[in-house]
Amino acid sequence: MFWFYVVTFTCTAVVLLLSLALRRSKRLNAPSAYLVPTPSGVHVRQYPIERILSSKGKLVEVNSVSKVQLSNGLISVFKHNGAAYDMWVPHRFERDLLAHAKQLFPHAEFTKV
């Protein structure tokens, strides 16, 4: 039974340290990691695993974005058809990501809730 507690504690500590490291990573939380411009539009990487593996994410056409909203660490990209893409962002990276979004989506409305 003792080894069960040791293994459980060790696994929990590793997961907590890994999540802390990922949350503080400048590479994974850079604006270019969340919103990747391409000739056909912008790839939105919502989830950390998409940024870790450098996957494409969801493709959004620049002209289809109507609004970008910031709400306490959550940045939402809204399309004209009502679809929304939510990205949880550490507070210290919010401003940089919003500036990057303003460059990529110049015709969108930007709001802060």
# chains A, B, ... in the order shown; residues from 1 in each chain; ligands from 1
>>> residues_around(residues="stretch 40-47 of chain A", least_positions_apart="4", cutoff="7 Å", atoms="only C-alpha atoms", output="PyMOL selection string")
chain A and resi 34-36+51+56-62+85-87
>>> select_by_dssp(residues="chain A", states="strand (DSSP E or B)", output="count of residues only")
33
>>> atom_distance(atom1="atom CA of A:His80", atom2="atom CA of A:His107")
11.9 Å
>>> residues_around(residues="A:Ile75", least_positions_apart="6", cutoff="8 Å", atoms="only C-alpha atoms", output="JSON, numbers by chain")
{"A": [68, 69, 86, 87, 88, 89, 94]}
>>> write_last_selection(atoms="C-alpha atoms", output="compact mmCIF listing (two decimals), in the first residue's frame")
# COMPACT_ATOMS: atom_id res chain seq x y z
CA VAL A 68 -12.86 39.11 -31.04
CA GLN A 69 -13.73 39.23 -27.35
CA ASP A 86 -12.34 29.98 -27.43
CA MET A 87 -8.72 30.13 -26.33
CA TRP A 88 -7.67 30.20 -22.67
CA VAL A 89 -4.66 32.49 -22.40
CA GLU A 94 -3.46 38.50 -23.37
>>> closest_residue(among="A:Arg27, A:Ala108, A:Ala83, A:Ala99", to="A:Asn63", atoms="only C-alpha atoms")
A:Ala108
>>> closest_residue(among="A:Ser19, A:Thr111, A:Thr10, A:Asn29", to="A:Asn72", atoms="only C-alpha atoms")
A:Thr111
>>> select_by_dssp(residues="chain A", states="alpha helix (DSSP H)", output="mmCIF file with N, CA and C atoms, in the first residue's frame")
data_model
loop_
_atom_site.group_PDB
_atom_site.id
_atom_site.type_symbol
_atom_site.label_atom_id
_atom_site.label_comp_id
_atom_site.auth_asym_id
_atom_site.auth_seq_id
_atom_site.Cartn_x
_atom_site.Cartn_y
_atom_site.Cartn_z
ATOM 1 N N PHE A 2 2.013 1.168 0.653
ATOM 2 C CA PHE A 2 2.926 2.300 0.707
ATOM 3 C C PHE A 2 3.354 2.712 -0.694
ATOM 4 N N TRP A 3 3.660 1.757 -1.553
ATOM 5 C CA TRP A 3 4.128 2.075 -2.905
ATOM 6 C C TRP A 3 3.031 2.708 -3.750
ATOM 7 N N PHE A 4 1.811 2.345 -3.471
ATOM 8 C CA PHE A 4 0.690 2.980 -4.170
ATOM 9 C C PHE A 4 0.681 4.484 -3.899
ATOM 10 N N TYR A 5 0.865 4.869 -2.645
ATOM 11 C CA TYR A 5 0.887 6.287 -2.288
ATOM 12 C C TYR A 5 2.095 6.991 -2.893
ATOM 13 N N VAL A 6 3.222 6.341 -2.906
ATOM 14 C CA VAL A 6 4.430 6.940 -3.485
ATOM 15 C C VAL A 6 4.240 7.184 -4.978
ATOM 16 N N VAL A 7 3.728 6.198 -5.683
ATOM 17 C CA VAL A 7 3.512 6.339 -7.133
ATOM 18 C C VAL A 7 2.451 7.402 -7.409
ATOM 19 N N THR A 8 1.375 7.397 -6.657
ATOM 20 C CA THR A 8 0.311 8.389 -6.843
ATOM 21 C C THR A 8 0.831 9.799 -6.598
ATOM 22 N N PHE A 9 1.575 9.995 -5.535
ATOM 23 C CA PHE A 9 2.136 11.306 -5.228
ATOM 24 C C PHE A 9 3.103 11.749 -6.316
ATOM 25 N N THR A 10 3.951 10.843 -6.774
ATOM 26 C CA THR A 10 4.927 11.175 -7.811
ATOM 27 C C THR A 10 4.238 11.563 -9.116
ATOM 28 N N CYS A 11 3.247 10.805 -9.513
ATOM 29 C CA CYS A 11 2.515 11.125 -10.750
ATOM 30 C C CYS A 11 1.804 12.469 -10.637
ATOM 31 N N THR A 12 1.203 12.735 -9.508
ATOM 32 C CA THR A 12 0.519 14.009 -9.297
ATOM 33 C C THR A 12 1.503 15.169 -9.356
ATOM 34 N N ALA A 13 2.650 15.011 -8.725
ATOM 35 C CA ALA A 13 3.663 16.067 -8.740
ATOM 36 C C ALA A 13 4.174 16.322 -10.152
ATOM 37 N N VAL A 14 4.391 15.275 -10.916
ATOM 38 C CA VAL A 14 4.865 15.433 -12.295
ATOM 39 C C VAL A 14 3.827 16.155 -13.146
ATOM 40 N N VAL A 15 2.574 15.783 -13.019
ATOM 41 C CA VAL A 15 1.510 16.434 -13.795
ATOM 42 C C VAL A 15 1.392 17.908 -13.415
ATOM 43 N N LEU A 16 1.452 18.225 -12.144
ATOM 44 C CA LEU A 16 1.369 19.621 -11.712
ATOM 45 C C LEU A 16 2.548 20.441 -12.220
ATOM 46 N N LEU A 17 3.747 19.896 -12.124
ATOM 47 C CA LEU A 17 4.926 20.619 -12.612
ATOM 48 C C LEU A 17 4.892 20.789 -14.126
ATOM 49 N N LEU A 18 4.427 19.779 -14.828
ATOM 50 C CA LEU A 18 4.321 19.875 -16.282
ATOM 51 C C LEU A 18 3.293 20.929 -16.691
ATOM 52 N N SER A 19 2.150 20.948 -16.023
ATOM 53 C CA SER A 19 1.134 21.950 -16.369
ATOM 54 C C SER A 19 1.611 23.360 -16.038
ATOM 55 N N LEU A 20 2.353 23.525 -14.967
ATOM 56 C CA LEU A 20 2.914 24.832 -14.631
ATOM 57 C C LEU A 20 3.931 25.269 -15.679
ATOM 58 N N ALA A 21 4.780 24.349 -16.105
ATOM 59 C CA ALA A 21 5.775 24.676 -17.128
ATOM 60 C C ALA A 21 5.113 25.044 -18.452
ATOM 61 N N LEU A 22 4.073 24.324 -18.836
ATOM 62 C CA LEU A 22 3.371 24.631 -20.084
ATOM 63 C C LEU A 22 2.663 25.975 -19.999
ATOM 64 N N ARG A 23 2.125 26.298 -18.849
ATOM 65 C CA ARG A 23 1.418 27.572 -18.683
ATOM 66 C C ARG A 23 2.373 28.758 -18.736
ATOM 67 N N ARG A 24 3.619 28.562 -18.325
ATOM 68 C CA ARG A 24 4.592 29.650 -18.313
ATOM 69 C C ARG A 24 5.429 29.730 -19.588
ATOM 70 N N PRO A 31 1.731 34.719 -29.321
ATOM 71 C CA PRO A 31 0.575 34.964 -30.193
ATOM 72 C C PRO A 31 0.614 34.150 -31.482
ATOM 73 N N SER A 32 1.803 33.948 -32.017
ATOM 74 C CA SER A 32 1.924 33.180 -33.260
ATOM 75 C C SER A 32 1.663 31.697 -33.048
ATOM 76 N N ALA A 33 1.614 31.242 -31.803
ATOM 77 C CA ALA A 33 1.274 29.846 -31.527
ATOM 78 C C ALA A 33 -0.241 29.651 -31.492
ATOM 79 N N TYR A 34 -0.985 30.683 -31.117
ATOM 80 C CA TYR A 34 -2.453 30.605 -31.064
ATOM 81 C C TYR A 34 -3.085 30.855 -32.427
ATOM 82 N N PRO A 48 -3.986 23.440 -25.811
ATOM 83 C CA PRO A 48 -2.539 23.352 -25.625
ATOM 84 C C PRO A 48 -1.895 22.222 -26.428
ATOM 85 N N ILE A 49 -2.577 21.103 -26.573
ATOM 86 C CA ILE A 49 -1.992 19.983 -27.318
ATOM 87 C C ILE A 49 -1.765 20.365 -28.779
ATOM 88 N N GLU A 50 -2.610 21.229 -29.328
ATOM 89 C CA GLU A 50 -2.419 21.696 -30.707
ATOM 90 C C GLU A 50 -1.169 22.555 -30.813
ATOM 91 N N ARG A 51 -0.892 23.337 -29.779
ATOM 92 C CA ARG A 51 0.309 24.178 -29.804
ATOM 93 C C ARG A 51 1.563 23.359 -29.524
ATOM 94 N N ILE A 52 1.458 22.349 -28.669
ATOM 95 C CA ILE A 52 2.613 21.499 -28.369
ATOM 96 C C ILE A 52 3.028 20.710 -29.605
ATOM 97 N N GLU A 94 -2.209 38.012 -22.757
ATOM 98 C CA GLU A 94 -3.456 38.500 -23.366
ATOM 99 C C GLU A 94 -3.222 39.681 -24.301
ATOM 100 N N ARG A 95 -2.500 40.677 -23.831
ATOM 101 C CA ARG A 95 -2.302 41.907 -24.601
ATOM 102 C C ARG A 95 -1.598 41.625 -25.928
ATOM 103 N N ASP A 96 -0.574 40.780 -25.893
ATOM 104 C CA ASP A 96 0.157 40.451 -27.121
ATOM 105 C C ASP A 96 -0.726 39.700 -28.109
ATOM 106 N N LEU A 97 -1.542 38.782 -27.605
ATOM 107 C CA LEU A 97 -2.422 38.020 -28.492
ATOM 108 C C LEU A 97 -3.501 38.913 -29.101
ATOM 109 N N LEU A 98 -4.030 39.846 -28.332
ATOM 110 C CA LEU A 98 -5.024 40.772 -28.882
ATOM 111 C C LEU A 98 -4.411 41.664 -29.958
ATOM 112 N N ALA A 99 -3.191 42.133 -29.746
ATOM 113 C CA ALA A 99 -2.519 42.953 -30.761
ATOM 114 C C ALA A 99 -2.295 42.145 -32.039
ATOM 115 N N HIS A 100 -1.924 40.890 -31.876
ATOM 116 C CA HIS A 100 -1.721 40.008 -33.036
ATOM 117 C C HIS A 100 -3.045 39.766 -33.761
ATOM 118 N N ALA A 101 -4.117 39.586 -33.005
ATOM 119 C CA ALA A 101 -5.440 39.372 -33.601
ATOM 120 C C ALA A 101 -5.911 40.615 -34.352
ATOM 121 N N LYS A 102 -5.586 41.805 -33.839
ATOM 122 C CA LYS A 102 -5.969 43.041 -34.527
ATOM 123 C C LYS A 102 -5.277 43.161 -35.873
ATOM 124 N N GLN A 103 -4.061 42.660 -35.964
ATOM 125 C CA GLN A 103 -3.352 42.668 -37.249
ATOM 126 C C GLN A 103 -3.965 41.664 -38.216
ATOM 127 N N LEU A 104 -4.349 40.503 -37.707
ATOM 128 C CA LEU A 104 -4.872 39.447 -38.574
ATOM 129 C C LEU A 104 -6.324 39.674 -38.980
#
>>> atom_distance(atom1="atom CA of A:Leu70", atom2="atom CA of A:Glu109")
11.3 Å
>>> closest_residue(among="A:Met1, A:Leu53, A:Val65, A:Ala30", to="A:Pro106", atoms="only C-alpha atoms")
A:Val65
>>> atom_distance(atom1="atom CA of A:Leu28", atom2="atom CA of A:Ser55")
12.2 Å
>>> decode(residues="stretch 7-106 of chain A", atoms="C-alpha atoms", output="compact mmCIF listing (two decimals), in the first residue's frame")
# COMPACT_ATOMS: atom_id res chain seq x y z
CA VAL A 7 3.51 6.34 -7.13
CA THR A 8 0.31 8.39 -6.84
CA PHE A 9 2.14 11.31 -5.23
CA THR A 10 4.93 11.18 -7.81
CA CYS A 11 2.51 11.13 -10.75
CA THR A 12 0.52 14.01 -9.30
CA ALA A 13 3.66 16.07 -8.74
CA VAL A 14 4.87 15.43 -12.29
CA VAL A 15 1.51 16.43 -13.79
CA LEU A 16 1.37 19.62 -11.71
CA LEU A 17 4.93 20.62 -12.61
CA LEU A 18 4.32 19.88 -16.28
CA SER A 19 1.13 21.95 -16.37
CA LEU A 20 2.91 24.83 -14.63
CA ALA A 21 5.78 24.68 -17.13
CA LEU A 22 3.37 24.63 -20.08
CA ARG A 23 1.42 27.57 -18.68
CA ARG A 24 4.59 29.65 -18.31
CA SER A 25 6.15 28.69 -21.65
CA LYS A 26 6.74 31.69 -23.91
CA ARG A 27 6.95 29.47 -26.98
CA LEU A 28 3.60 27.75 -26.42
CA ASN A 29 1.83 30.96 -25.37
CA ALA A 30 3.23 33.27 -28.03
CA PRO A 31 0.57 34.96 -30.19
CA SER A 32 1.92 33.18 -33.26
CA ALA A 33 1.27 29.85 -31.53
CA TYR A 34 -2.45 30.61 -31.06
CA LEU A 35 -3.20 32.32 -34.38
CA VAL A 36 -1.18 31.11 -37.38
CA PRO A 37 -1.67 33.13 -40.59
CA THR A 38 -1.73 31.24 -43.89
CA PRO A 39 -2.60 32.31 -47.45
CA SER A 40 -6.06 30.75 -47.13
CA GLY A 41 -6.91 32.23 -43.71
CA VAL A 42 -5.85 31.90 -40.09
CA HIS A 43 -5.42 28.63 -38.20
CA VAL A 44 -6.83 28.95 -34.67
CA ARG A 45 -5.16 26.63 -32.17
CA GLN A 46 -7.56 26.43 -29.24
CA TYR A 47 -6.03 23.69 -27.15
CA PRO A 48 -2.54 23.35 -25.62
CA ILE A 49 -1.99 19.98 -27.32
CA GLU A 50 -2.42 21.70 -30.71
CA ARG A 51 0.31 24.18 -29.80
CA ILE A 52 2.61 21.50 -28.37
CA LEU A 53 2.33 19.30 -31.48
CA SER A 54 2.23 22.30 -33.88
CA SER A 55 -0.94 20.99 -35.47
CA LYS A 56 -2.95 23.14 -37.84
CA GLY A 57 -5.94 23.82 -35.63
CA LYS A 58 -9.17 25.13 -37.16
CA LEU A 59 -8.98 27.20 -40.34
CA VAL A 60 -10.88 30.50 -40.21
CA GLU A 61 -11.21 32.86 -43.15
CA VAL A 62 -10.14 36.39 -42.27
CA ASN A 63 -13.30 37.99 -43.68
CA SER A 64 -15.62 35.61 -41.80
CA VAL A 65 -14.56 36.90 -38.35
CA SER A 66 -17.00 39.44 -36.93
CA LYS A 67 -15.78 39.89 -33.36
CA VAL A 68 -12.86 39.11 -31.04
CA GLN A 69 -13.73 39.23 -27.35
CA LEU A 70 -11.54 39.20 -24.22
CA SER A 71 -13.07 38.01 -20.97
CA ASN A 72 -10.83 37.25 -17.98
CA GLY A 73 -8.24 35.07 -19.68
CA LEU A 74 -10.56 33.79 -22.39
CA ILE A 75 -10.21 35.13 -25.92
CA SER A 76 -13.08 34.24 -28.23
CA VAL A 77 -13.07 34.58 -32.00
CA PHE A 78 -16.62 34.85 -33.36
CA LYS A 79 -17.59 34.22 -36.98
CA HIS A 80 -20.52 35.82 -38.83
CA ASN A 81 -22.44 32.51 -38.72
CA GLY A 82 -22.31 32.43 -34.90
CA ALA A 83 -19.51 29.90 -34.47
CA ALA A 84 -16.98 30.77 -31.78
CA TYR A 85 -13.45 29.58 -31.05
CA ASP A 86 -12.34 29.98 -27.43
CA MET A 87 -8.72 30.13 -26.33
CA TRP A 88 -7.67 30.20 -22.67
CA VAL A 89 -4.66 32.49 -22.40
CA PRO A 90 -2.49 33.29 -19.36
CA HIS A 91 -3.09 36.90 -18.31
CA ARG A 92 0.42 38.06 -19.12
CA PHE A 93 0.02 37.00 -22.78
CA GLU A 94 -3.46 38.50 -23.37
CA ARG A 95 -2.30 41.91 -24.60
CA ASP A 96 0.16 40.45 -27.12
CA LEU A 97 -2.42 38.02 -28.49
CA LEU A 98 -5.02 40.77 -28.88
CA ALA A 99 -2.52 42.95 -30.76
CA HIS A 100 -1.72 40.01 -33.04
CA ALA A 101 -5.44 39.37 -33.60
CA LYS A 102 -5.97 43.04 -34.53
CA GLN A 103 -3.35 42.67 -37.25
CA LEU A 104 -4.87 39.45 -38.57
CA PHE A 105 -8.54 40.49 -38.35
CA PRO A 106 -8.58 44.22 -39.16
